[in-house]
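The file start_3.txt contains compact mmCIF, C-alpha atoms:
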# COMPACT_ATOMS: atom_id res chain seq x y z
CA MET A 1 -11.08 -0.86 -25.72
CA ASN A 2 -8.54 1.36 -27.51
CA LYS A 3 -5.80 3.34 -25.82
CA THR A 4 -7.52 6.69 -26.37
CA LEU A 5 -10.62 5.64 -24.43
CA MET A 6 -8.41 4.13 -21.74
CA ALA A 7 -6.44 7.37 -21.42
CA ILE A 8 -9.66 9.37 -20.98
CA LEU A 9 -10.81 6.98 -18.25
CA LYS A 10 -7.43 7.38 -16.52
CA VAL A 11 -7.86 11.17 -16.50
CA LEU A 12 -11.41 10.91 -15.13
CA ASN A 13 -10.34 8.36 -12.52
CA ALA A 14 -7.67 10.73 -11.22
CA HIS A 15 -10.42 13.30 -10.57
CA GLN A 16 -13.24 11.00 -9.44
CA ASP A 17 -14.35 13.47 -6.75
CA ARG A 18 -15.45 16.11 -9.27
CA VAL A 19 -16.84 16.72 -12.75
CA ILE A 20 -14.30 17.75 -15.40
CA GLY A 21 -14.91 19.07 -18.90
CA SER A 22 -13.47 18.29 -22.31
CA ARG A 23 -10.99 21.20 -22.19
CA GLU A 24 -9.33 19.94 -19.02
CA ILE A 25 -9.43 16.35 -20.28
CA SER A 26 -7.77 17.40 -23.54
CA ARG A 27 -5.00 19.16 -21.61
CA GLU A 28 -4.34 16.24 -19.24
CA LEU A 29 -4.37 13.65 -22.04
CA LYS A 30 -1.05 15.08 -23.20
CA LEU A 31 0.51 13.55 -20.07
CA TYR A 32 -0.42 10.15 -21.52
CA GLY A 33 0.96 10.99 -24.96
CA VAL A 34 -2.51 11.55 -26.46
CA ASN A 35 -3.23 14.76 -28.39
CA LEU A 36 -6.93 15.37 -29.02
CA SER A 37 -8.96 18.49 -29.67
CA GLU A 38 -11.86 19.29 -27.32
CA ARG A 39 -14.30 18.31 -30.06
CA THR A 40 -12.66 14.90 -30.51
CA VAL A 41 -12.63 14.39 -26.74
CA ARG A 42 -16.40 15.01 -26.67
CA TYR A 43 -16.87 12.40 -29.42
CA HIS A 44 -15.01 9.79 -27.38
CA LEU A 45 -16.90 10.77 -24.22
CA ARG A 46 -20.20 9.99 -25.96
CA ILE A 47 -18.88 6.49 -26.71
CA LEU A 48 -17.97 6.05 -23.04
CA ASP A 49 -21.41 7.34 -22.01
CA GLU A 50 -23.12 4.75 -24.23
CA ARG A 51 -21.09 1.98 -22.60
CA GLY A 52 -22.00 3.19 -19.12
CA LEU A 53 -18.37 3.92 -18.25
CA THR A 54 -18.90 7.65 -17.73
CA GLU A 55 -21.77 9.82 -16.52
CA SER A 56 -22.66 13.07 -18.28
CA TYR A 57 -23.33 16.27 -16.36
CA GLY A 58 -24.22 18.30 -19.44
CA ARG A 59 -21.94 21.21 -20.24
CA GLU A 60 -20.08 20.76 -16.94
CA GLY A 61 -18.44 17.56 -18.12
CA ARG A 62 -18.17 13.94 -17.00
CA LYS A 63 -17.40 11.66 -14.08
CA ILE A 64 -16.23 8.07 -14.26
CA THR A 65 -18.77 5.48 -13.09
CA GLU A 66 -18.14 2.42 -10.93
CA LYS A 67 -18.41 0.33 -14.10
CA GLY A 68 -15.76 2.57 -15.65
CA ARG A 69 -13.39 2.06 -12.71
CA ILE A 70 -13.79 -1.71 -12.95
CA GLU A 71 -13.17 -1.66 -16.71
CA LEU A 72 -10.08 0.49 -16.20
CA ALA A 73 -8.65 -1.87 -13.57
CA ASN A 74 -9.29 -4.97 -15.69
CA SER A 75 -7.99 -3.53 -18.94
CA LEU A 76 -4.70 -2.37 -17.44
CA VAL A 77 -3.50 -5.80 -16.34
CA PRO A 78 -1.12 -6.34 -19.34
CA GLU A 79 0.37 -2.89 -18.71
CA LYS A 80 0.84 -3.66 -15.02
CA VAL A 81 3.25 -6.58 -15.41
CA GLY A 82 6.15 -5.47 -13.24
CA PHE A 83 4.01 -2.64 -11.84
CA VAL A 84 4.62 -3.51 -8.18
CA ILE A 85 8.43 -3.48 -8.28
CA SER A 86 8.34 -0.28 -10.35
CA ARG A 87 6.07 1.39 -7.78
CA ILE A 88 8.33 0.25 -4.94
CA ASP A 89 11.33 1.87 -6.66
CA THR A 90 9.43 5.07 -7.43
CA LEU A 91 8.00 5.57 -3.95
CA SER A 92 11.33 4.67 -2.32
CA TYR A 93 12.95 7.52 -4.22
CA LEU A 94 10.13 9.99 -3.50
CA THR A 95 10.01 9.33 0.25
CA ASN A 96 11.60 12.23 2.11
CA PHE A 97 11.10 11.02 5.67
CA ASP A 98 13.78 12.31 8.06
CA VAL A 99 14.44 9.72 10.79
CA MET A 100 16.26 12.10 13.14
CA GLY A 101 13.59 14.79 12.94
CA MET A 102 10.68 12.34 12.52
CA LYS A 103 9.19 14.53 9.82
CA GLY A 104 8.45 14.36 6.13
CA GLU A 105 6.38 11.99 4.04
CA VAL A 106 6.05 8.25 4.53
CA ILE A 107 4.38 5.70 2.26
CA VAL A 108 0.99 4.50 3.47
CA ASN A 109 -1.37 1.66 2.64
CA VAL A 110 -5.03 2.66 2.48
CA SER A 111 -7.72 0.18 3.52
CA PHE A 112 -11.47 0.67 3.31
CA ILE A 113 -13.98 -0.84 5.73
CA ARG A 114 -17.68 -0.23 6.31
CA ARG A 115 -18.28 2.77 8.54
CA SER A 116 -20.54 0.63 10.72
CA ASP A 117 -17.65 -1.80 11.36
CA LEU A 118 -15.17 0.81 12.61
CA LYS A 119 -15.59 0.23 16.37
CA ASP A 120 -15.28 -3.53 15.96
CA ALA A 121 -12.25 -3.04 13.72
CA MET A 122 -10.54 -0.83 16.30
CA ARG A 123 -11.12 -3.45 18.99
CA ILE A 124 -9.62 -6.16 16.75
CA MET A 125 -6.60 -4.05 15.80
CA LYS A 126 -5.79 -3.00 19.37
CA ARG A 127 -3.83 -6.16 20.18
CA VAL A 128 -2.03 -6.09 16.81
CA PHE A 129 -0.79 -2.55 17.42
CA SER A 130 0.67 -3.71 20.74
CA SER A 131 2.68 -6.43 18.97
CA PRO A 132 5.96 -6.39 17.03
CA PHE A 133 4.08 -7.18 13.81
CA VAL A 134 3.27 -3.59 12.80
CA MET A 135 5.42 -1.01 11.04
CA SER A 136 4.35 1.82 13.32
CA ASP A 137 1.66 2.52 15.90
CA ARG A 138 0.60 5.63 13.98
CA ILE A 139 -2.39 5.64 11.64
CA ALA A 140 -4.88 8.01 10.04
CA ILE A 141 -8.63 7.46 9.75
CA LEU A 142 -10.55 9.30 7.04
CA ASP A 143 -14.31 9.54 6.71
CA GLU A 144 -16.52 9.18 3.65
CA GLY A 145 -15.99 12.01 1.18
CA ASP A 146 -12.42 12.67 2.38
CA LYS A 147 -9.55 12.31 -0.04
CA ILE A 148 -6.17 10.68 0.51
CA GLY A 149 -3.76 10.97 -2.39
CA ASP A 150 -5.86 10.48 -5.52
CA THR A 151 -8.37 8.28 -3.72
CA LEU A 152 -11.79 9.42 -2.55
CA VAL A 153 -13.29 7.57 0.42
CA PRO A 154 -16.57 6.04 -0.85
CA GLU A 155 -19.95 6.66 0.76
CA GLY A 156 -20.60 4.44 3.76
CA LYS A 157 -16.89 3.66 4.18
CA VAL A 158 -13.94 4.85 6.23
CA ALA A 159 -10.29 4.64 5.21
CA ILE A 160 -7.51 3.47 7.50
CA ALA A 161 -4.01 4.58 6.50
CA THR A 162 -1.14 2.48 7.88
CA VAL A 163 2.60 2.97 7.38
CA CYS A 164 3.84 0.82 4.50
CA SER A 165 7.02 -1.26 4.81
CA VAL A 166 8.39 0.30 1.61
CA THR A 167 9.07 3.38 3.75
CA ILE A 168 12.08 1.40 5.04
CA ASN A 169 13.41 1.18 1.46
CA GLY A 170 13.20 4.96 1.18
CA VAL A 171 14.89 5.61 4.51
CA PHE A 172 17.72 3.18 3.66
CA LEU A 173 18.12 4.68 0.19
CA LYS A 174 18.59 8.16 1.68
CA GLU A 175 21.36 6.66 3.81
CA GLY A 176 23.05 5.23 0.73
CA ILE A 177 21.85 1.66 1.30
CA PRO A 178 20.16 0.14 -1.78
CA VAL A 179 17.39 -2.32 -0.92
CA SER A 180 16.22 -5.06 -3.29
CA SER A 181 12.62 -6.14 -2.64
CA ARG A 182 12.44 -9.82 -3.55
CA PHE A 183 9.31 -11.41 -2.11
CA GLY A 184 6.13 -10.67 -0.23
CA GLY A 185 5.10 -13.59 1.92
CA VAL A 186 3.38 -15.23 4.86
CA LEU A 187 5.75 -15.75 7.79
CA GLU A 188 5.11 -18.51 10.32
CA ILE A 189 5.32 -17.51 13.98
CA TYR A 190 6.00 -20.18 16.61
CA LYS A 191 6.31 -19.39 20.32
CA LYS A 192 6.35 -15.68 19.44
CA LYS A 193 9.35 -16.07 17.11
CA PRO A 194 9.50 -16.10 13.29
CA THR A 195 10.50 -19.50 11.92
CA ARG A 196 10.04 -19.71 8.14
CA PHE A 197 8.08 -18.39 5.17
CA VAL A 198 5.15 -20.67 4.27
CA ALA A 199 4.10 -18.72 1.14
CA LEU A 200 5.95 -16.35 -1.19
CA ILE A 201 5.19 -14.27 -4.28
CA SER A 202 7.97 -12.51 -6.17
CA TYR A 203 7.62 -8.75 -6.59
CA GLU A 204 9.40 -8.99 -9.94
CA GLY A 205 6.86 -9.17 -12.76
CA SER A 206 3.85 -9.03 -10.42
CA SER A 207 0.84 -6.85 -11.26
CA LEU A 208 -0.65 -7.15 -7.74
CA ASP A 209 0.88 -6.55 -4.35
CA PRO A 210 1.53 -10.01 -2.85
CA LEU A 211 0.29 -9.03 0.60
CA GLU A 212 -3.10 -7.99 -0.80
CA VAL A 213 -3.31 -11.43 -2.43
CA PHE A 214 -2.57 -13.23 0.85
CA ILE A 215 -5.23 -11.23 2.71
CA ARG A 216 -7.86 -11.97 0.07
CA GLY A 217 -6.82 -15.62 0.07
CA LYS A 218 -7.30 -15.75 3.87
CA MET A 219 -3.81 -17.20 4.32
CA THR A 220 -2.93 -15.20 7.45
CA ASP A 221 -3.51 -15.85 11.13
CA VAL A 222 -2.39 -12.58 12.64
CA THR A 223 -4.99 -12.87 15.40
CA HIS A 224 -3.42 -15.98 16.93
CA ALA A 225 0.12 -14.75 16.26
CA VAL A 226 -0.46 -11.77 18.57
CA LYS A 227 -2.73 -13.62 21.01
CA SER A 228 -0.97 -16.94 21.62
CA GLY A 229 2.35 -16.45 19.85
CA ASP A 230 1.60 -19.08 17.18
CA GLY A 231 0.24 -17.95 13.81
CA ARG A 232 1.06 -16.48 10.40
CA VAL A 233 1.76 -12.84 9.61
CA LEU A 234 2.45 -10.81 6.50
CA ALA A 235 6.10 -9.99 5.86
CA SER A 236 8.50 -9.27 3.02
CA PHE A 237 11.99 -10.53 2.20
CA ARG A 238 14.58 -8.02 1.03
CA GLU A 239 18.30 -7.94 0.37
CA ILE A 240 21.03 -5.37 0.94
CA PRO A 241 24.72 -5.45 -0.05
CA VAL A 242 27.14 -7.01 2.45
CA VAL A 243 29.12 -3.76 2.68
CA CYS A 244 26.04 -2.02 4.11
CA HIS A 245 25.40 -4.60 6.85
CA GLU A 246 26.81 -2.70 9.82
CA ARG A 247 25.12 0.59 8.97
CA ALA A 248 21.82 -1.19 8.25
CA VAL A 249 21.80 -2.73 11.74
CA GLU A 250 22.47 0.69 13.28
CA LEU A 251 19.74 2.33 11.21
CA ALA A 252 17.23 -0.39 12.11
CA GLN A 253 17.85 0.33 15.80
CA GLU A 254 17.49 4.09 15.24
CA LEU A 255 14.13 3.50 13.55
CA LYS A 256 12.97 1.21 16.35
CA ASN A 257 13.94 3.78 18.99
CA ARG A 258 11.75 6.31 17.19
CA GLY A 259 8.65 4.13 16.88
CA ILE A 260 9.18 2.50 13.48
CA GLY A 261 10.01 -1.09 14.33
CA GLY A 262 9.02 -2.99 11.23
CA ILE A 263 12.39 -4.67 10.67
CA LEU A 264 12.00 -8.12 12.22
CA SER A 265 15.49 -9.33 11.43
CA ILE A 266 18.65 -8.55 9.49
CA GLY A 267 20.65 -11.70 8.72
CA GLN A 268 24.34 -12.41 8.38
CA PRO A 269 26.34 -11.98 5.14
CA ASN A 270 25.80 -14.75 2.57
CA THR A 271 23.60 -16.65 5.05
CA ALA A 272 20.02 -17.86 4.64
CA LEU A 273 17.41 -16.08 6.78
CA TYR A 274 14.28 -17.98 7.88
CA GLU A 275 15.19 -20.68 5.35
CA MET A 276 15.43 -18.13 2.52
CA PRO A 277 18.77 -18.15 0.65
CA VAL A 278 20.40 -14.86 -0.31
CA GLY A 279 22.42 -13.79 -3.33
CA ILE A 280 26.21 -13.58 -3.46
CA ASP A 281 27.55 -10.83 -1.18
CA LYS A 282 24.04 -10.07 0.05
CA VAL A 283 22.36 -9.88 3.45
CA GLY A 284 18.73 -10.88 3.99
CA MET A 285 16.28 -8.58 5.74
CA VAL A 286 12.72 -9.42 6.81
CA ILE A 287 10.21 -6.62 7.33
CA VAL A 288 6.67 -6.97 8.68
CA GLY A 289 3.77 -6.10 6.40
CA GLY A 290 2.05 -2.80 7.10
CA LEU A 291 -1.30 -4.50 6.40
CA ASN A 292 -1.16 -6.93 9.34
CA PRO A 293 -3.81 -4.99 11.34
CA ILE A 294 -6.11 -5.10 8.31
CA ALA A 295 -5.50 -8.83 7.88
CA ALA A 296 -6.75 -9.31 11.46
CA ILE A 297 -9.97 -7.44 10.59
CA GLU A 298 -10.47 -9.68 7.56
CA GLU A 299 -9.86 -12.79 9.70
CA ALA A 300 -12.69 -11.69 12.01
CA GLY A 301 -15.13 -11.74 9.10
CA PHE A 302 -15.31 -8.03 8.34
CA PRO A 303 -14.78 -7.22 4.62
CA THR A 304 -11.87 -4.96 3.72
CA ASP A 305 -10.48 -3.48 0.51
CA SER A 306 -6.82 -2.52 0.64
CA LYS A 307 -4.50 -0.59 -1.64
CA ALA A 308 -0.90 -1.30 -0.65
CA MET A 309 1.64 1.47 -1.33
CA SER A 310 -1.29 3.78 -1.97
CA THR A 311 0.31 7.21 -1.59
CA LEU A 312 2.78 9.45 0.22
CA TYR A 313 1.43 10.98 3.44
CA ASP A 314 2.84 13.51 5.89
CA TYR A 315 4.01 11.70 9.02
CA SER A 316 2.79 14.56 11.23
CA GLU A 317 -0.78 13.85 10.06
CA LEU A 318 -0.62 10.33 11.54
CA ARG A 319 -1.68 9.84 15.16
CA PRO A 320 -0.97 7.03 17.66
CA PHE A 321 -3.48 4.19 17.42
CA LYS A 322 -4.33 4.47 21.13
CA ASP A 323 -5.46 8.10 20.60
CA TRP A 324 -7.84 7.04 17.83
CA TYR A 325 -9.01 4.08 19.92
CA ASN A 326 -9.83 6.23 22.97
CA GLU A 327 -11.57 8.78 20.78
CA LEU A 328 -13.77 6.25 18.98
CA LYS A 329 -14.56 3.68 21.68
Mind converting the file's structure to structure tokens?
Amino acid sequence: MNKTLMAILKVLNAHQDRVIGSREISRELKLYGVNLSERTVRYHLRILDERGLTESYGREGRKITEKGRIELANSLVPEKVGFVISRIDTLSYLTNFDVMGMKGEVIVNVSFIRRSDLKDAMRIMKRVFSSPFVMSDRIAILDEGDKIGDTLVPEGKVAIATVCSVTINGVFLKEGIPVSSRFGGVLEIYKKKPTRFVALISYEGSSLDPLEVFIRGKMTDVTHAVKSGDGRVLASFREIPVVCHERAVELAQELKNRGIGGILSIGQPNTALYEMPVGIDKVGMVIVGGLNPIAAIEEAGFPTDSKAMSTLYDYSELRPFKDWYNELK
């Protein structure tokens, strides 16, 4: 598939909740460096229709089909090499969350489950949200037809938005502390304490979020980690400069005091943390994965579909898990 057709699919995918016409498509294609007249856009749309990648609504315009979304995802893999680390850097910069005022936008993961599974999922997640293995106890639940960021909640599904650990990068960056995200991994828990990483994927050069991979690969055991104190949870390994160590420890405590306790540990200068070596004049930092509650749902046999680092979301729109639980039980 050529780049022009791919660009058209990207435009349609960004507006999957509505029909858009050739004029609007032509205008938005310029954002992708593609200049086409409305007539030429219509020609390419007919090609996409024939392949089943778009659906025609007559003069109103087109919508992307499920087949089109799959084709778009598969065709973009070569372009996505290094996508994850780039997205981490972008969202870290865009985050405007104010720790002192507890307001502004945080980064959220968005996970889809069947609507019929919601009550079971809430029951499973209850224990996880009472553990130290979550970023925050605040979530959002969106029903079918609702939109979060550029994503429309599909029919028969609900979306669960959880605070993403990359929010920490953004908060630290605003305080003048640069954070280097090195690995996403599976952290072994023994007698309620982290011991070592048993699996790691580097963010550098990756086209998929490592934590999504570990969930799909059923490599976690969050359920037993929160129940008995022995298990495996999602976590990430990051580094900060030695000169920022003292302020980082203070900031981690400030976050914890305000309900964002995702930082499991900040190491000592030039010292390995949970058997992970650090760079010269660096300090290791381990942060829990925001998708741990979703991993527990998957472990229980309920299918999930997660998009890590999905979008920015206003913190005030998130509610404590216990409020959602009491409302839905």
Exercise. Which is closer to Asn2 (chain A) than all the others in A:Leu291, A:Asp49, A:Met122, A:Ser75, using only C-alpha atoms?
Worked result: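 Of A:Leu291, A:Asp49, A:Met122, A:Ser75, the one nearest Asn2 (chain A) is A:Ser75, counting only C-alpha atoms.
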For this session: May I ask for the distance between CA of Met219 (chain A) and CA of Phe197 (chain A), given in Å to one decimal place?
Result: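 Between CA of Met219 (chain A) and CA of Phe197 (chain A) the gap is 12.0 Å.
Checking A:Leu29, A:Val249, A:Ala73, A:Leu200 one by one against Arg182 (chain A), counting all atoms listed in the file, you find the shortest gap at A:Leu200.
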Problem set entry | Residues near region 309-322 of chain A, cut-off 9 Å, all atoms listed in the file, skip fewer than 3 positions along chain, as a PyMOL selection string | chain A and resi 84+87-88+91+94-95+97+102-110+122+125-126+129+136-141+148-151+161-166+209+306+325-327
Can you write just those residues out, C-alpha atoms, as a tab-separated table (two decimals), in the frame of the given file?
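result_15.tsv, written as the output of this step:
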chain	number	residue	atom	x	y	z
A	84	VAL	CA	4.62	-3.51	-8.18
A	87	ARG	CA	6.07	1.39	-7.78
A	88	ILE	CA	8.33	0.25	-4.94
A	91	LEU	CA	8.00	5.57	-3.95
A	94	LEU	CA	10.13	9.99	-3.50
A	95	THR	CA	10.01	9.33	0.25
A	97	PHE	CA	11.10	11.02	5.67
A	102	MET	CA	10.68	12.34	12.52
A	103	LYS	CA	9.19	14.53	9.82
A	104	GLY	CA	8.45	14.36	6.13
A	105	GLU	CA	6.38	11.99	4.04
A	106	VAL	CA	6.05	8.25	4.53
A	107	ILE	CA	4.38	5.70	2.26
A	108	VAL	CA	0.99	4.50	3.47
A	109	ASN	CA	-1.37	1.66	2.64
A	110	VAL	CA	-5.03	2.66	2.48
A	122	MET	CA	-10.54	-0.83	16.30
A	125	MET	CA	-6.60	-4.05	15.80
A	126	LYS	CA	-5.79	-3.00	19.37
A	129	PHE	CA	-0.79	-2.55	17.42
A	136	SER	CA	4.35	1.82	13.32
A	137	ASP	CA	1.66	2.52	15.90
A	138	ARG	CA	0.60	5.63	13.98
A	139	ILE	CA	-2.39	5.64	11.64
A	140	ALA	CA	-4.88	8.01	10.04
A	141	ILE	CA	-8.63	7.46	9.75
A	148	ILE	CA	-6.17	10.68	0.51
A	149	GLY	CA	-3.76	10.97	-2.39
A	150	ASP	CA	-5.86	10.48	-5.52
A	151	THR	CA	-8.37	8.28	-3.72
A	161	ALA	CA	-4.01	4.58	6.50
A	162	THR	CA	-1.14	2.48	7.88
A	163	VAL	CA	2.60	2.97	7.38
A	164	CYS	CA	3.84	0.82	4.50
A	165	SER	CA	7.02	-1.26	4.81
A	166	VAL	CA	8.39	0.30	1.61
A	209	ASP	CA	0.88	-6.55	-4.35
A	306	SER	CA	-6.82	-2.52	0.64
A	325	TYR	CA	-9.01	4.08	19.92
A	326	ASN	CA	-9.83	6.23	22.97
A	327	GLU	CA	-11.57	8.78	20.78
Exercise. In Å to one decimal, how far is CA of Ala121 (chain A) from CA of Val134 (chain A)?
Worked result: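 Calculated distance between CA of Val134 (chain A) and CA of Ala121 (chain A) is 15.6 Å.
Nearest to Glu254 (chain A) of all the residues A:Asp98, A:Arg62, A:Asn270, A:Lys10 is A:Asp98, based on all atoms listed in the file.
Using all atoms listed in the file, the contacts of region 156-159 of chain A at a cut-off of 6 Å, with sequence neighbours closer than 6 positions omitted, comprise A:Ser111, A:Phe112, A:Ile113, A:Arg114, A:Arg115, A:Ile141, A:Leu142, A:Asp143, A:Glu144.
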Exercise. In Å to one decimal, how far is CA of Ser22 (chain A) from CA of Arg42 (chain A)?
Worked result: 6.2 Å
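Near (1.3, -7.8, 9.6), the residues inside the 9 Å limit, counting only C-alpha atoms, come to Val128, Pro132, Phe133, Val134, Met135, Thr220, Val222, Arg232, Val233, Leu234, Ala235, Val288, Gly289, Gly290, Leu291, Asn292, Pro293, Ile294, Ala295 and Ala296 of chain A.
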For this session: Would you please work out which residue, of A:Ser116, A:Arg18, A:Ser86, A:Met100, is nearest to Lys256 (chain A) when using only C-alpha atoms?
Result: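 Of A:Ser116, A:Arg18, A:Ser86, A:Met100, the one nearest Lys256 (chain A) is A:Met100, counting only C-alpha atoms.
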Exercise. Which protein, DNA or RNA residues are at most 8 Å from (-16.0, 12.6, -16.6) in the file's coordinates when you count all atoms listed in the file, listed as number ranges by chain?
Worked result: A: 9, 12, 16, 19-21, 45, 54-56, 61-64
For this session: Considering all atoms listed in the file, return as a ChimeraX atom specification whatever protein or nucleic-acid residues lie within 7 Å of region 174-181 of chain A, sequence-local ones (same chain, fewer than 3 positions apart) excluded.
Result: /A:169-171,203,237-240,244
Problem set entry | Shell around region 282-285 of chain A at 9 Å using all atoms listed in the file, local window under 3 positions removed, as a PyMOL selection string | chain A and resi 236-245+263-273+276-279
Any chance you could export the current selection's C-alpha atoms as a PDB file, in the coordinates of the input?
ATOM      1  CA  SER A 236       8.500  -9.270   3.020  1.00  0.00           C
ATOM      2  CA  PHE A 237      11.990 -10.530   2.200  1.00  0.00           C
ATOM      3  CA  ARG A 238      14.580  -8.020   1.030  1.00  0.00           C
ATOM      4  CA  GLU A 239      18.300  -7.940   0.370  1.00  0.00           C
ATOM      5  CA  ILE A 240      21.030  -5.370   0.940  1.00  0.00           C
ATOM      6  CA  PRO A 241      24.720  -5.450  -0.050  1.00  0.00           C
ATOM      7  CA  VAL A 242      27.140  -7.010   2.450  1.00  0.00           C
ATOM      8  CA  VAL A 243      29.120  -3.760   2.680  1.00  0.00           C
ATOM      9  CA  CYS A 244      26.040  -2.020   4.110  1.00  0.00           C
ATOM     10  CA  HIS A 245      25.400  -4.600   6.850  1.00  0.00           C
ATOM     11  CA  ILE A 263      12.390  -4.670  10.670  1.00  0.00           C
ATOM     12  CA  LEU A 264      12.000  -8.120  12.220  1.00  0.00           C
ATOM     13  CA  SER A 265      15.490  -9.330  11.430  1.00  0.00           C
ATOM     14  CA  ILE A 266      18.650  -8.550   9.490  1.00  0.00           C
ATOM     15  CA  GLY A 267      20.650 -11.700   8.720  1.00  0.00           C
ATOM     16  CA  GLN A 268      24.340 -12.410   8.380  1.00  0.00           C
ATOM     17  CA  PRO A 269      26.340 -11.980   5.140  1.00  0.00           C
ATOM     18  CA  ASN A 270      25.800 -14.750   2.570  1.00  0.00           C
ATOM     19  CA  THR A 271      23.600 -16.650   5.050  1.00  0.00           C
ATOM     20  CA  ALA A 272      20.020 -17.860   4.640  1.00  0.00           C
ATOM     21  CA  LEU A 273      17.410 -16.080   6.780  1.00  0.00           C
ATOM     22  CA  MET A 276      15.430 -18.130   2.520  1.00  0.00           C
ATOM     23  CA  PRO A 277      18.770 -18.150   0.650  1.00  0.00           C
ATOM     24  CA  VAL A 278      20.400 -14.860  -0.310  1.00  0.00           C
ATOM     25  CA  GLY A 279      22.420 -13.790  -3.330  1.00  0.00           C
TER      26      GLY A 279
END
For this session: Choose the residue, out of A:Leu255, A:Lys30, A:Val153, A:Ile85, that has the smallest atom-to-atom separation from Ile201 (chain A); count only C-alpha atoms.
Result: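 Once distances to Ile201 (chain A) are computed over only C-alpha atoms, the minimum belongs to A:Ile85.
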Seminar exercise, completed: Restricting to only C-alpha atoms, whichever of A:Leu53, A:Ile168, A:Leu152, A:Ile215 is closest to Ala300 (chain A) is A:Ile215
